[in-house]
$ cat entry.pdb   # PDB, C-alpha atoms
ATOM      1  CA  MET J   5       0.000   0.000   0.000  1.00  0.00           C
ATOM      2  CA  THR J   6       1.885   3.029  -1.264  1.00  0.00           C
ATOM      3  CA  ALA J   7       0.621   6.446  -0.205  1.00  0.00           C
ATOM      4  CA  ILE J   8      -0.870   8.587  -2.972  1.00  0.00           C
ATOM      5  CA  THR J   9      -0.244  12.305  -3.308  1.00  0.00           C
ATOM      6  CA  LEU J  10      -2.784  14.767  -4.665  1.00  0.00           C
ATOM      7  CA  GLN J  11      -2.280  18.375  -5.577  1.00  0.00           C
ATOM      8  CA  PRO J  12      -5.186  20.823  -5.242  1.00  0.00           C
ATOM      9  CA  ILE J  13      -6.265  22.288  -8.602  1.00  0.00           C
ATOM     10  CA  GLY J  14      -8.161  25.152  -6.988  1.00  0.00           C
ATOM     11  CA  ILE J  15     -10.114  26.401  -4.005  1.00  0.00           C
ATOM     12  CA  LEU J  16     -13.766  27.111  -3.158  1.00  0.00           C
ATOM     13  CA  ARG J  17     -14.926  30.539  -1.995  1.00  0.00           C
ATOM     14  CA  CYS J  18     -18.419  30.727  -0.476  1.00  0.00           C
ATOM     15  CA  ASP J  19     -20.385  31.931   2.557  1.00  0.00           C
ATOM     16  CA  LEU J  20     -20.666  28.538   4.294  1.00  0.00           C
ATOM     17  CA  HIS J  21     -18.488  28.678   7.411  1.00  0.00           C
ATOM     18  CA  THR J  22     -19.962  26.103   9.785  1.00  0.00           C
ATOM     19  CA  ARG J  23     -21.206  22.543   9.393  1.00  0.00           C
ATOM     20  CA  GLU J  24     -24.535  23.518  10.955  1.00  0.00           C
ATOM     21  CA  GLU J  25     -25.369  25.962   8.136  1.00  0.00           C
ATOM     22  CA  THR J  26     -24.013  23.710   5.353  1.00  0.00           C
ATOM     23  CA  PRO J  27     -26.556  21.553   3.479  1.00  0.00           C
ATOM     24  CA  LYS J  28     -25.904  17.806   3.852  1.00  0.00           C
ATOM     25  CA  ASN J  29     -25.931  17.244   0.077  1.00  0.00           C
ATOM     26  CA  TYR J  30     -25.840  19.264  -3.116  1.00  0.00           C
ATOM     27  CA  ASP J  31     -29.325  18.094  -4.109  1.00  0.00           C
ATOM     28  CA  GLU J  32     -30.712  19.981  -1.084  1.00  0.00           C
ATOM     29  CA  SER J  33     -28.813  23.229  -1.685  1.00  0.00           C
ATOM     30  CA  GLU J  34     -29.386  26.555  -3.431  1.00  0.00           C
ATOM     31  CA  TYR J  35     -26.132  28.116  -2.142  1.00  0.00           C
ATOM     32  CA  THR J  36     -23.778  29.746  -4.627  1.00  0.00           C
ATOM     33  CA  GLY J  37     -20.042  30.461  -4.553  1.00  0.00           C
ATOM     34  CA  THR J  38     -16.991  30.529  -6.784  1.00  0.00           C
ATOM     35  CA  ILE J  39     -14.344  27.975  -7.612  1.00  0.00           C
ATOM     36  CA  GLU J  40     -10.941  29.522  -8.335  1.00  0.00           C
ATOM     37  CA  ILE J  41      -8.819  27.216 -10.479  1.00  0.00           C
ATOM     38  CA  TYR J  42      -5.061  27.747 -10.146  1.00  0.00           C
ATOM     39  CA  PRO J  43      -3.579  29.280 -13.330  1.00  0.00           C
ATOM     40  CA  GLN J  44      -1.433  26.254 -14.248  1.00  0.00           C
ATOM     41  CA  PHE J  45      -4.613  24.153 -14.698  1.00  0.00           C
ATOM     42  CA  LEU J  46      -6.580  26.705 -16.760  1.00  0.00           C
ATOM     43  CA  ALA J  47      -6.299  24.764 -20.058  1.00  0.00           C
ATOM     44  CA  GLY J  48      -8.220  21.900 -18.443  1.00  0.00           C
ATOM     45  CA  LEU J  49     -11.392  24.034 -18.227  1.00  0.00           C
ATOM     46  CA  GLU J  50     -11.829  24.415 -21.992  1.00  0.00           C
ATOM     47  CA  GLY J  51     -15.287  23.157 -22.947  1.00  0.00           C
ATOM     48  CA  ILE J  52     -17.070  23.968 -19.666  1.00  0.00           C
ATOM     49  CA  ARG J  53     -19.978  26.310 -20.359  1.00  0.00           C
ATOM     50  CA  ARG J  54     -22.566  28.276 -18.433  1.00  0.00           C
ATOM     51  CA  GLY J  55     -25.581  26.032 -17.749  1.00  0.00           C
ATOM     52  CA  ASP J  56     -23.511  22.817 -17.539  1.00  0.00           C
ATOM     53  CA  THR J  57     -23.728  20.547 -14.541  1.00  0.00           C
ATOM     54  CA  ILE J  58     -20.201  19.615 -13.462  1.00  0.00           C
ATOM     55  CA  VAL J  59     -19.065  16.929 -11.026  1.00  0.00           C
ATOM     56  CA  VAL J  60     -16.626  18.510  -8.574  1.00  0.00           C
ATOM     57  CA  LEU J  61     -14.383  16.568  -6.188  1.00  0.00           C
ATOM     58  CA  PHE J  62     -13.404  18.387  -3.010  1.00  0.00           C
ATOM     59  CA  TRP J  63     -10.838  17.447  -0.370  1.00  0.00           C
ATOM     60  CA  LEU J  64     -12.611  17.890   2.976  1.00  0.00           C
ATOM     61  CA  ASP J  65      -9.590  19.182   4.842  1.00  0.00           C
ATOM     62  CA  ARG J  66     -11.393  19.536   8.191  1.00  0.00           C
ATOM     63  CA  ALA J  67     -12.973  16.050   8.276  1.00  0.00           C
ATOM     64  CA  ASP J  68     -12.073  13.326  10.801  1.00  0.00           C
ATOM     65  CA  ARG J  69     -10.247  10.503   8.976  1.00  0.00           C
ATOM     66  CA  THR J  70     -10.255   8.016  11.854  1.00  0.00           C
ATOM     67  CA  VAL J  71     -13.985   7.240  12.176  1.00  0.00           C
ATOM     68  CA  LEU J  72     -15.478   4.206  10.332  1.00  0.00           C
ATOM     69  CA  ARG J  73     -19.052   4.155  11.735  1.00  0.00           C
ATOM     70  CA  VAL J  74     -21.488   7.086  11.977  1.00  0.00           C
ATOM     71  CA  HIS J  75     -25.134   7.892  12.660  1.00  0.00           C
ATOM     72  CA  PRO J  76     -26.642   8.436   9.171  1.00  0.00           C
ATOM     73  CA  ARG J  77     -27.023  12.182   8.534  1.00  0.00           C
ATOM     74  CA  GLY J  78     -25.840  12.786  12.118  1.00  0.00           C
ATOM     75  CA  ASP J  79     -29.247  11.595  13.390  1.00  0.00           C
ATOM     76  CA  ARG J  80     -28.610   9.915  16.756  1.00  0.00           C
ATOM     77  CA  SER J  81     -32.017   8.215  16.670  1.00  0.00           C
ATOM     78  CA  LYS J  82     -30.658   6.050  13.825  1.00  0.00           C
ATOM     79  CA  GLN J  83     -28.243   3.167  14.406  1.00  0.00           C
ATOM     80  CA  LYS J  84     -24.629   3.695  13.426  1.00  0.00           C
ATOM     81  CA  ARG J  85     -23.499   2.220  10.109  1.00  0.00           C
ATOM     82  CA  GLY J  86     -20.310   2.035   8.077  1.00  0.00           C
ATOM     83  CA  VAL J  87     -19.159   5.303   6.505  1.00  0.00           C
ATOM     84  CA  PHE J  88     -18.885   3.609   3.078  1.00  0.00           C
ATOM     85  CA  SER J  89     -22.687   3.061   3.076  1.00  0.00           C
ATOM     86  CA  THR J  90     -23.286   6.792   3.711  1.00  0.00           C
ATOM     87  CA  ARG J  91     -22.369  10.228   2.277  1.00  0.00           C
ATOM     88  CA  SER J  92     -20.807  11.348   5.574  1.00  0.00           C
ATOM     89  CA  PRO J  93     -17.835  13.731   5.209  1.00  0.00           C
ATOM     90  CA  VAL J  94     -16.093  11.574   7.822  1.00  0.00           C
ATOM     91  CA  ARG J  95     -14.110   8.757   6.122  1.00  0.00           C
ATOM     92  CA  PRO J  96     -10.489   7.576   5.664  1.00  0.00           C
ATOM     93  CA  ASN J  97     -10.037   9.641   2.483  1.00  0.00           C
ATOM     94  CA  PRO J  98     -12.479  12.542   2.881  1.00  0.00           C
ATOM     95  CA  ILE J  99     -13.331  13.321  -0.748  1.00  0.00           C
ATOM     96  CA  ALA J 100     -16.747  14.851  -1.477  1.00  0.00           C
ATOM     97  CA  ILE J 101     -18.533  14.589  -4.819  1.00  0.00           C
ATOM     98  CA  SER J 102     -20.908  17.464  -5.641  1.00  0.00           C
ATOM     99  CA  GLU J 103     -22.897  17.983  -8.838  1.00  0.00           C
ATOM    100  CA  LEU J 104     -22.935  21.741  -9.308  1.00  0.00           C
ATOM    101  CA  LEU J 105     -24.623  24.066 -11.783  1.00  0.00           C
ATOM    102  CA  VAL J 106     -22.277  26.427 -13.649  1.00  0.00           C
ATOM    103  CA  GLU J 107     -23.859  29.887 -13.429  1.00  0.00           C
ATOM    104  CA  ASP J 108     -20.913  31.590 -15.081  1.00  0.00           C
ATOM    105  CA  ILE J 109     -17.317  30.908 -16.092  1.00  0.00           C
ATOM    106  CA  THR J 110     -14.733  33.623 -16.790  1.00  0.00           C
ATOM    107  CA  ASP J 111     -11.094  32.637 -17.215  1.00  0.00           C
ATOM    108  CA  ASN J 112     -10.210  30.569 -14.123  1.00  0.00           C
ATOM    109  CA  ILE J 113     -13.254  31.547 -12.005  1.00  0.00           C
ATOM    110  CA  ILE J 114     -16.379  29.346 -12.071  1.00  0.00           C
ATOM    111  CA  ARG J 115     -19.536  30.569 -10.342  1.00  0.00           C
ATOM    112  CA  VAL J 116     -21.471  27.530  -9.137  1.00  0.00           C
ATOM    113  CA  LYS J 117     -24.813  26.797  -7.467  1.00  0.00           C
ATOM    114  CA  LYS J 118     -26.001  23.939  -5.189  1.00  0.00           C
ATOM    115  CA  LEU J 119     -23.038  24.085  -2.807  1.00  0.00           C
ATOM    116  CA  ASP J 120     -22.830  21.711   0.167  1.00  0.00           C
ATOM    117  CA  ILE J 121     -19.166  22.432   1.009  1.00  0.00           C
ATOM    118  CA  LEU J 122     -17.401  24.747   3.478  1.00  0.00           C
ATOM    119  CA  ASP J 123     -15.560  27.906   2.377  1.00  0.00           C
ATOM    120  CA  SER J 124     -11.826  27.504   1.573  1.00  0.00           C
ATOM    121  CA  THR J 125     -12.097  23.769   0.775  1.00  0.00           C
ATOM    122  CA  PRO J 126      -9.520  22.549  -1.785  1.00  0.00           C
ATOM    123  CA  VAL J 127     -10.808  21.376  -5.194  1.00  0.00           C
ATOM    124  CA  ILE J 128      -9.055  18.266  -6.535  1.00  0.00           C
ATOM    125  CA  ASP J 129     -10.918  17.408  -9.759  1.00  0.00           C
ATOM    126  CA  ILE J 130     -13.768  18.401 -12.090  1.00  0.00           C
ATOM    127  CA  LYS J 131     -15.535  16.000 -14.477  1.00  0.00           C
ATOM    128  CA  LYS J 132     -18.360  15.932 -16.966  1.00  0.00           C
ATOM    129  CA  LYS J 133     -21.584  14.515 -15.533  1.00  0.00           C
ATOM    130  CA  ILE J 134     -22.635  11.193 -17.110  1.00  0.00           C
TER     131      ILE J 134
ATOM    132  CA  MET X   7      -1.114  24.588  -1.794  1.00  0.00           C
ATOM    133  CA  THR X   8      -0.203  21.782   0.547  1.00  0.00           C
ATOM    134  CA  ALA X   9       0.041  18.282  -0.922  1.00  0.00           C
ATOM    135  CA  ILE X  10      -2.652  15.838   0.215  1.00  0.00           C
ATOM    136  CA  THR X  11      -1.952  12.220   1.067  1.00  0.00           C
ATOM    137  CA  LEU X  12      -4.429   9.399   0.449  1.00  0.00           C
ATOM    138  CA  GLN X  13      -4.208   5.834   1.639  1.00  0.00           C
ATOM    139  CA  PRO X  14      -5.802   3.070  -0.458  1.00  0.00           C
ATOM    140  CA  ILE X  15      -8.678   1.332   1.352  1.00  0.00           C
ATOM    141  CA  GLY X  16      -8.596  -1.680  -0.978  1.00  0.00           C
ATOM    142  CA  ILE X  17      -7.839  -3.017  -4.436  1.00  0.00           C
ATOM    143  CA  LEU X  18      -9.808  -4.124  -7.513  1.00  0.00           C
ATOM    144  CA  ARG X  19      -9.446  -7.608  -8.985  1.00  0.00           C
ATOM    145  CA  CYS X  20     -10.899  -8.151 -12.459  1.00  0.00           C
ATOM    146  CA  ASP X  21     -10.121  -9.450 -15.960  1.00  0.00           C
ATOM    147  CA  LEU X  22      -9.546  -6.035 -17.580  1.00  0.00           C
ATOM    148  CA  HIS X  23      -5.833  -5.770 -18.371  1.00  0.00           C
ATOM    149  CA  THR X  24      -5.604  -3.279 -21.242  1.00  0.00           C
ATOM    150  CA  ARG X  25      -7.187   0.078 -21.976  1.00  0.00           C
ATOM    151  CA  GLU X  26      -8.431  -1.236 -25.330  1.00  0.00           C
ATOM    152  CA  GLU X  27     -10.660  -3.889 -23.722  1.00  0.00           C
ATOM    153  CA  THR X  28     -11.842  -1.621 -20.870  1.00  0.00           C
ATOM    154  CA  PRO X  29     -15.218   0.128 -21.357  1.00  0.00           C
ATOM    155  CA  LYS X  30     -14.961   3.916 -21.351  1.00  0.00           C
ATOM    156  CA  ASN X  31     -17.598   4.297 -18.639  1.00  0.00           C
ATOM    157  CA  TYR X  32     -19.489   2.147 -16.131  1.00  0.00           C
ATOM    158  CA  ASP X  33     -22.815   2.827 -17.834  1.00  0.00           C
ATOM    159  CA  GLU X  34     -21.526   0.944 -20.907  1.00  0.00           C
ATOM    160  CA  SER X  35     -20.158  -2.082 -19.012  1.00  0.00           C
ATOM    161  CA  GLU X  36     -21.349  -5.525 -17.950  1.00  0.00           C
ATOM    162  CA  TYR X  37     -17.935  -6.602 -16.609  1.00  0.00           C
ATOM    163  CA  THR X  38     -17.725  -8.050 -13.099  1.00  0.00           C
ATOM    164  CA  GLY X  39     -14.872  -8.307 -10.592  1.00  0.00           C
ATOM    165  CA  THR X  40     -14.186  -8.087  -6.870  1.00  0.00           C
ATOM    166  CA  ILE X  41     -13.145  -5.270  -4.591  1.00  0.00           C
ATOM    167  CA  GLU X  42     -10.986  -6.415  -1.685  1.00  0.00           C
ATOM    168  CA  ILE X  43     -11.183  -3.974   1.221  1.00  0.00           C
ATOM    169  CA  TYR X  44      -8.179  -4.025   3.546  1.00  0.00           C
ATOM    170  CA  PRO X  45      -9.088  -5.500   6.966  1.00  0.00           C
ATOM    171  CA  GLN X  46      -8.528  -2.300   8.952  1.00  0.00           C
ATOM    172  CA  PHE X  47     -11.393  -0.618   7.017  1.00  0.00           C
ATOM    173  CA  LEU X  48     -13.912  -3.500   7.301  1.00  0.00           C
ATOM    174  CA  ALA X  49     -16.185  -1.707   9.816  1.00  0.00           C
ATOM    175  CA  GLY X  50     -16.829   0.972   7.192  1.00  0.00           C
ATOM    176  CA  LEU X  51     -18.721  -1.521   4.985  1.00  0.00           C
ATOM    177  CA  GLU X  52     -21.543  -2.141   7.450  1.00  0.00           C
ATOM    178  CA  GLY X  53     -24.855  -1.383   5.744  1.00  0.00           C
ATOM    179  CA  ILE X  54     -23.811  -2.214   2.164  1.00  0.00           C
ATOM    180  CA  ARG X  55     -26.094  -4.946   0.799  1.00  0.00           C
ATOM    181  CA  ARG X  56     -26.404  -7.119  -2.285  1.00  0.00           C
ATOM    182  CA  GLY X  57     -28.403  -5.232  -4.927  1.00  0.00           C
ATOM    183  CA  ASP X  58     -27.170  -1.789  -3.822  1.00  0.00           C
ATOM    184  CA  THR X  59     -25.558   0.599  -6.285  1.00  0.00           C
ATOM    185  CA  ILE X  60     -22.396   2.016  -4.720  1.00  0.00           C
ATOM    186  CA  VAL X  61     -20.244   4.939  -5.854  1.00  0.00           C
ATOM    187  CA  VAL X  62     -16.620   3.777  -5.918  1.00  0.00           C
ATOM    188  CA  LEU X  63     -13.619   6.105  -6.223  1.00  0.00           C
ATOM    189  CA  PHE X  64     -10.523   4.585  -7.805  1.00  0.00           C
ATOM    190  CA  TRP X  65      -6.998   5.940  -8.025  1.00  0.00           C
ATOM    191  CA  LEU X  66      -5.945   5.459 -11.662  1.00  0.00           C
ATOM    192  CA  ASP X  67      -2.330   4.643 -10.907  1.00  0.00           C
ATOM    193  CA  ARG X  68      -1.321   4.239 -14.585  1.00  0.00           C
ATOM    194  CA  ALA X  69      -2.847   7.513 -15.874  1.00  0.00           C
ATOM    195  CA  ASP X  70      -0.813  10.416 -17.244  1.00  0.00           C
ATOM    196  CA  ARG X  71      -1.078  13.351 -14.808  1.00  0.00           C
ATOM    197  CA  THR X  72       0.568  15.959 -17.030  1.00  0.00           C
ATOM    198  CA  VAL X  73      -2.007  16.293 -19.841  1.00  0.00           C
ATOM    199  CA  LEU X  74      -4.696  19.029 -19.662  1.00  0.00           C
ATOM    200  CA  ARG X  75      -6.337  18.721 -23.114  1.00  0.00           C
ATOM    201  CA  VAL X  76      -7.571  15.515 -24.811  1.00  0.00           C
ATOM    202  CA  HIS X  77      -9.627  14.301 -27.752  1.00  0.00           C
ATOM    203  CA  PRO X  78     -13.030  13.409 -26.207  1.00  0.00           C
ATOM    204  CA  ARG X  79     -13.279   9.597 -25.788  1.00  0.00           C
ATOM    205  CA  GLY X  80      -9.920   9.325 -27.576  1.00  0.00           C
ATOM    206  CA  ASP X  81     -11.665  10.158 -30.884  1.00  0.00           C
ATOM    207  CA  ARG X  82      -9.101  12.042 -33.000  1.00  0.00           C
ATOM    208  CA  SER X  83     -11.848  13.307 -35.326  1.00  0.00           C
ATOM    209  CA  LYS X  84     -13.066  15.484 -32.454  1.00  0.00           C
ATOM    210  CA  GLN X  85     -11.293  18.671 -31.359  1.00  0.00           C
ATOM    211  CA  LYS X  86      -9.271  18.555 -28.172  1.00  0.00           C
ATOM    212  CA  ARG X  87     -10.890  19.981 -25.072  1.00  0.00           C
ATOM    213  CA  GLY X  88      -9.977  20.468 -21.421  1.00  0.00           C
ATOM    214  CA  VAL X  89      -9.836  17.296 -19.314  1.00  0.00           C
ATOM    215  CA  PHE X  90     -12.163  18.841 -16.708  1.00  0.00           C
ATOM    216  CA  SER X  91     -14.983  18.936 -19.314  1.00  0.00           C
ATOM    217  CA  THR X  92     -14.531  15.174 -20.002  1.00  0.00           C
ATOM    218  CA  ARG X  93     -14.433  11.822 -18.167  1.00  0.00           C
ATOM    219  CA  SER X  94     -10.916  11.066 -19.451  1.00  0.00           C
ATOM    220  CA  PRO X  95      -8.721   9.048 -17.040  1.00  0.00           C
ATOM    221  CA  VAL X  96      -5.932  11.521 -17.883  1.00  0.00           C
ATOM    222  CA  ARG X  97      -6.016  14.488 -15.437  1.00  0.00           C
ATOM    223  CA  PRO X  98      -3.854  16.073 -12.703  1.00  0.00           C
ATOM    224  CA  ASN X  99      -5.442  13.948  -9.959  1.00  0.00           C
ATOM    225  CA  PRO X 100      -6.579  10.778 -11.769  1.00  0.00           C
ATOM    226  CA  ILE X 101      -9.561   9.729  -9.651  1.00  0.00           C
ATOM    227  CA  ALA X 102     -12.333   7.740 -11.361  1.00  0.00           C
ATOM    228  CA  ILE X 103     -15.936   7.619 -10.153  1.00  0.00           C
ATOM    229  CA  SER X 104     -17.844   4.432 -11.027  1.00  0.00           C
ATOM    230  CA  GLU X 105     -21.400   3.523 -10.030  1.00  0.00           C
ATOM    231  CA  LEU X 106     -21.269  -0.242  -9.513  1.00  0.00           C
ATOM    232  CA  LEU X 107     -23.904  -2.869  -8.731  1.00  0.00           C
ATOM    233  CA  VAL X 108     -23.175  -5.009  -5.652  1.00  0.00           C
ATOM    234  CA  GLU X 109     -23.745  -8.616  -6.721  1.00  0.00           C
ATOM    235  CA  ASP X 110     -22.530 -10.043  -3.413  1.00  0.00           C
ATOM    236  CA  ILE X 111     -20.700  -8.953  -0.262  1.00  0.00           C
ATOM    237  CA  THR X 112     -18.970 -11.364   2.123  1.00  0.00           C
ATOM    238  CA  ASP X 113     -16.747  -9.949   4.860  1.00  0.00           C
ATOM    239  CA  ASN X 114     -14.263  -7.648   3.093  1.00  0.00           C
ATOM    240  CA  ILE X 115     -14.920  -8.888  -0.469  1.00  0.00           C
ATOM    241  CA  ILE X 116     -17.486  -7.093  -2.657  1.00  0.00           C
ATOM    242  CA  ARG X 117     -18.438  -8.633  -6.011  1.00  0.00           C
ATOM    243  CA  VAL X 118     -19.393  -5.789  -8.364  1.00  0.00           C
ATOM    244  CA  LYS X 119     -20.778  -5.398 -11.890  1.00  0.00           C
ATOM    245  CA  LYS X 120     -20.438  -2.598 -14.507  1.00  0.00           C
ATOM    246  CA  LEU X 121     -16.651  -2.260 -14.218  1.00  0.00           C
ATOM    247  CA  ASP X 122     -14.758   0.268 -16.375  1.00  0.00           C
ATOM    248  CA  ILE X 123     -11.450   0.056 -14.464  1.00  0.00           C
ATOM    249  CA  LEU X 124      -8.209  -1.911 -14.942  1.00  0.00           C
ATOM    250  CA  ASP X 125      -7.245  -4.866 -12.745  1.00  0.00           C
ATOM    251  CA  SER X 126      -5.158  -4.043  -9.636  1.00  0.00           C
ATOM    252  CA  THR X 127      -6.349  -0.418  -9.414  1.00  0.00           C
ATOM    253  CA  PRO X 128      -6.367   0.985  -5.850  1.00  0.00           C
ATOM    254  CA  VAL X 129      -9.759   1.830  -4.296  1.00  0.00           C
ATOM    255  CA  ILE X 130      -9.790   5.051  -2.270  1.00  0.00           C
ATOM    256  CA  ASP X 131     -13.442   5.523  -1.214  1.00  0.00           C
ATOM    257  CA  ILE X 132     -16.959   4.077  -1.401  1.00  0.00           C
ATOM    258  CA  LYS X 133     -20.155   6.123  -0.989  1.00  0.00           C
ATOM    259  CA  LYS X 134     -23.898   5.708  -1.092  1.00  0.00           C
ATOM    260  CA  LYS X 135     -25.441   6.786  -4.396  1.00  0.00           C
ATOM    261  CA  ILE X 136     -27.674   9.866  -4.113  1.00  0.00           C
TER     262      ILE X 136
END

$ encode --input "entry.pdb" --output "structure tokens"
Amino acid sequence: MTAITLQPIGILRCDLHTREETPKNYDESEYTGTIEIYPQFLAGLEGIRRGDTIVVLFWLDRADRTVLRVHPRGDRSKQKRGVFSTRSPVRPNPIAISELLVEDITDNIIRVKKLDILDSTPVIDIKKKI
Amino acid sequence: MTAITLQPIGILRCDLHTREETPKNYDESEYTGTIEIYPQFLAGLEGIRRGDTIVVLFWLDRADRTVLRVHPRGDRSKQKRGVFSTRSPVRPNPIAISELLVEDITDNIIRVKKLDILDSTPVIDIKKKI
């Protein structure tokens, strides 16, 4: 098992600063913000257009990586289950997948809607939605 | 930009050994194989059942990380575009997202269907499908 090294391709800027105010999933969110892609990755954005839905992978830099069982959606009335059967941010490799609407894209700045991610979170990948 | 370190949680075993024989996406595949989760992460699987669709993140350890523009689906008749507007395996952080059908799960071994990933690829996360 060799360790794997990622490099952030950008960073999220938005008004979500606490877990309590952050929607649990993108499909429950109307929040907007901007993704700033670092200049050396700009060529990778070619083909992304306003109105697209993009799949964005975030590195949840404040998530606990040691927990393997959680109450689903943080609801303590529900029995704990394995993190891999949930969408909890808590997991050994805390990567979040969000499907976001592109409201605008200018150079290396993408304005997105449906955010479920805290401000200042690193972006590690963007993909076309299947 | 601090580097981020991932640890594989398991490994894929299947009969796909070359890119040519590997389907381009999970929604075009009927291939089966097994995911072996390393024992220290076993508790994280609790709640995954036969018949579930799971979202599996793979680390594409043989992908080129230096390319930012590609011909979509490798089709040279199409103009190159940015990797972030495609599902190409080639990208700065080569993480693949596959939605796989759980055919069986016994202890730390998950038999899955719809594979679009090469044999021996590290698994880095599993999530519930939204």

$ resolve_selection --input "entry.pdb" --expression "the ChimeraX specification (/X :<6) & /J" --output "PyMOL selection string"
chain J and resi 7-11+47-52+72-73+85-91+97+130-132

$ write_last_selection --input "entry.pdb" --atoms "C-alpha atoms" --output "PDB file, keeping the file's coordinate frame"
ATOM      1  CA  ALA J   7       0.621   6.446  -0.205  1.00  0.00           C
ATOM      2  CA  ILE J   8      -0.870   8.587  -2.972  1.00  0.00           C
ATOM      3  CA  THR J   9      -0.244  12.305  -3.308  1.00  0.00           C
ATOM      4  CA  LEU J  10      -2.784  14.767  -4.665  1.00  0.00           C
ATOM      5  CA  GLN J  11      -2.280  18.375  -5.577  1.00  0.00           C
ATOM      6  CA  ALA J  47      -6.299  24.764 -20.058  1.00  0.00           C
ATOM      7  CA  GLY J  48      -8.220  21.900 -18.443  1.00  0.00           C
ATOM      8  CA  LEU J  49     -11.392  24.034 -18.227  1.00  0.00           C
ATOM      9  CA  GLU J  50     -11.829  24.415 -21.992  1.00  0.00           C
ATOM     10  CA  GLY J  51     -15.287  23.157 -22.947  1.00  0.00           C
ATOM     11  CA  ILE J  52     -17.070  23.968 -19.666  1.00  0.00           C
ATOM     12  CA  LEU J  72     -15.478   4.206  10.332  1.00  0.00           C
ATOM     13  CA  ARG J  73     -19.052   4.155  11.735  1.00  0.00           C
ATOM     14  CA  ARG J  85     -23.499   2.220  10.109  1.00  0.00           C
ATOM     15  CA  GLY J  86     -20.310   2.035   8.077  1.00  0.00           C
ATOM     16  CA  VAL J  87     -19.159   5.303   6.505  1.00  0.00           C
ATOM     17  CA  PHE J  88     -18.885   3.609   3.078  1.00  0.00           C
ATOM     18  CA  SER J  89     -22.687   3.061   3.076  1.00  0.00           C
ATOM     19  CA  THR J  90     -23.286   6.792   3.711  1.00  0.00           C
ATOM     20  CA  ARG J  91     -22.369  10.228   2.277  1.00  0.00           C
ATOM     21  CA  ASN J  97     -10.037   9.641   2.483  1.00  0.00           C
ATOM     22  CA  ILE J 130     -13.768  18.401 -12.090  1.00  0.00           C
ATOM     23  CA  LYS J 131     -15.535  16.000 -14.477  1.00  0.00           C
ATOM     24  CA  LYS J 132     -18.360  15.932 -16.966  1.00  0.00           C
TER      25      LYS J 132
END

$ closest_residue --input "entry.pdb" --among "X:Ile43, X:Ile111, X:Thr59, X:Pro95" --to "X:Gly80" --atoms "all atoms listed in the file"
X:Pro95

$ resolve_selection --input "entry.pdb" --expression "the PyMOL selection byres ((chain J and resi 36) around 8)" --output "PDB file with C-alpha atoms, keeping the file's coordinate frame"
ATOM      1  CA  CYS J  18     -18.419  30.727  -0.476  1.00  0.00           C
ATOM      2  CA  GLU J  34     -29.386  26.555  -3.431  1.00  0.00           C
ATOM      3  CA  TYR J  35     -26.132  28.116  -2.142  1.00  0.00           C
ATOM      4  CA  GLY J  37     -20.042  30.461  -4.553  1.00  0.00           C
ATOM      5  CA  THR J  38     -16.991  30.529  -6.784  1.00  0.00           C
ATOM      6  CA  ARG J 115     -19.536  30.569 -10.342  1.00  0.00           C
ATOM      7  CA  VAL J 116     -21.471  27.530  -9.137  1.00  0.00           C
ATOM      8  CA  LYS J 117     -24.813  26.797  -7.467  1.00  0.00           C
ATOM      9  CA  LYS J 118     -26.001  23.939  -5.189  1.00  0.00           C
ATOM     10  CA  LEU J 119     -23.038  24.085  -2.807  1.00  0.00           C
TER      11      LEU J 119
END

$ atom_distance --input "entry.pdb" --atom1 "atom CA of X:Lys30" --atom2 "atom CA of J:Glu103"
20.4 Å

$ axis_aligned_box --input "entry.pdb" --around "stretch 86-100 of chain J" --padding-each-side "6 Å" --output "lines of an AutoDock Vina configuration file"
center_x = -16.7
center_y = 8.4
center_z = 3.3
size_x = 25.2
size_y = 24.8
size_z = 21.6
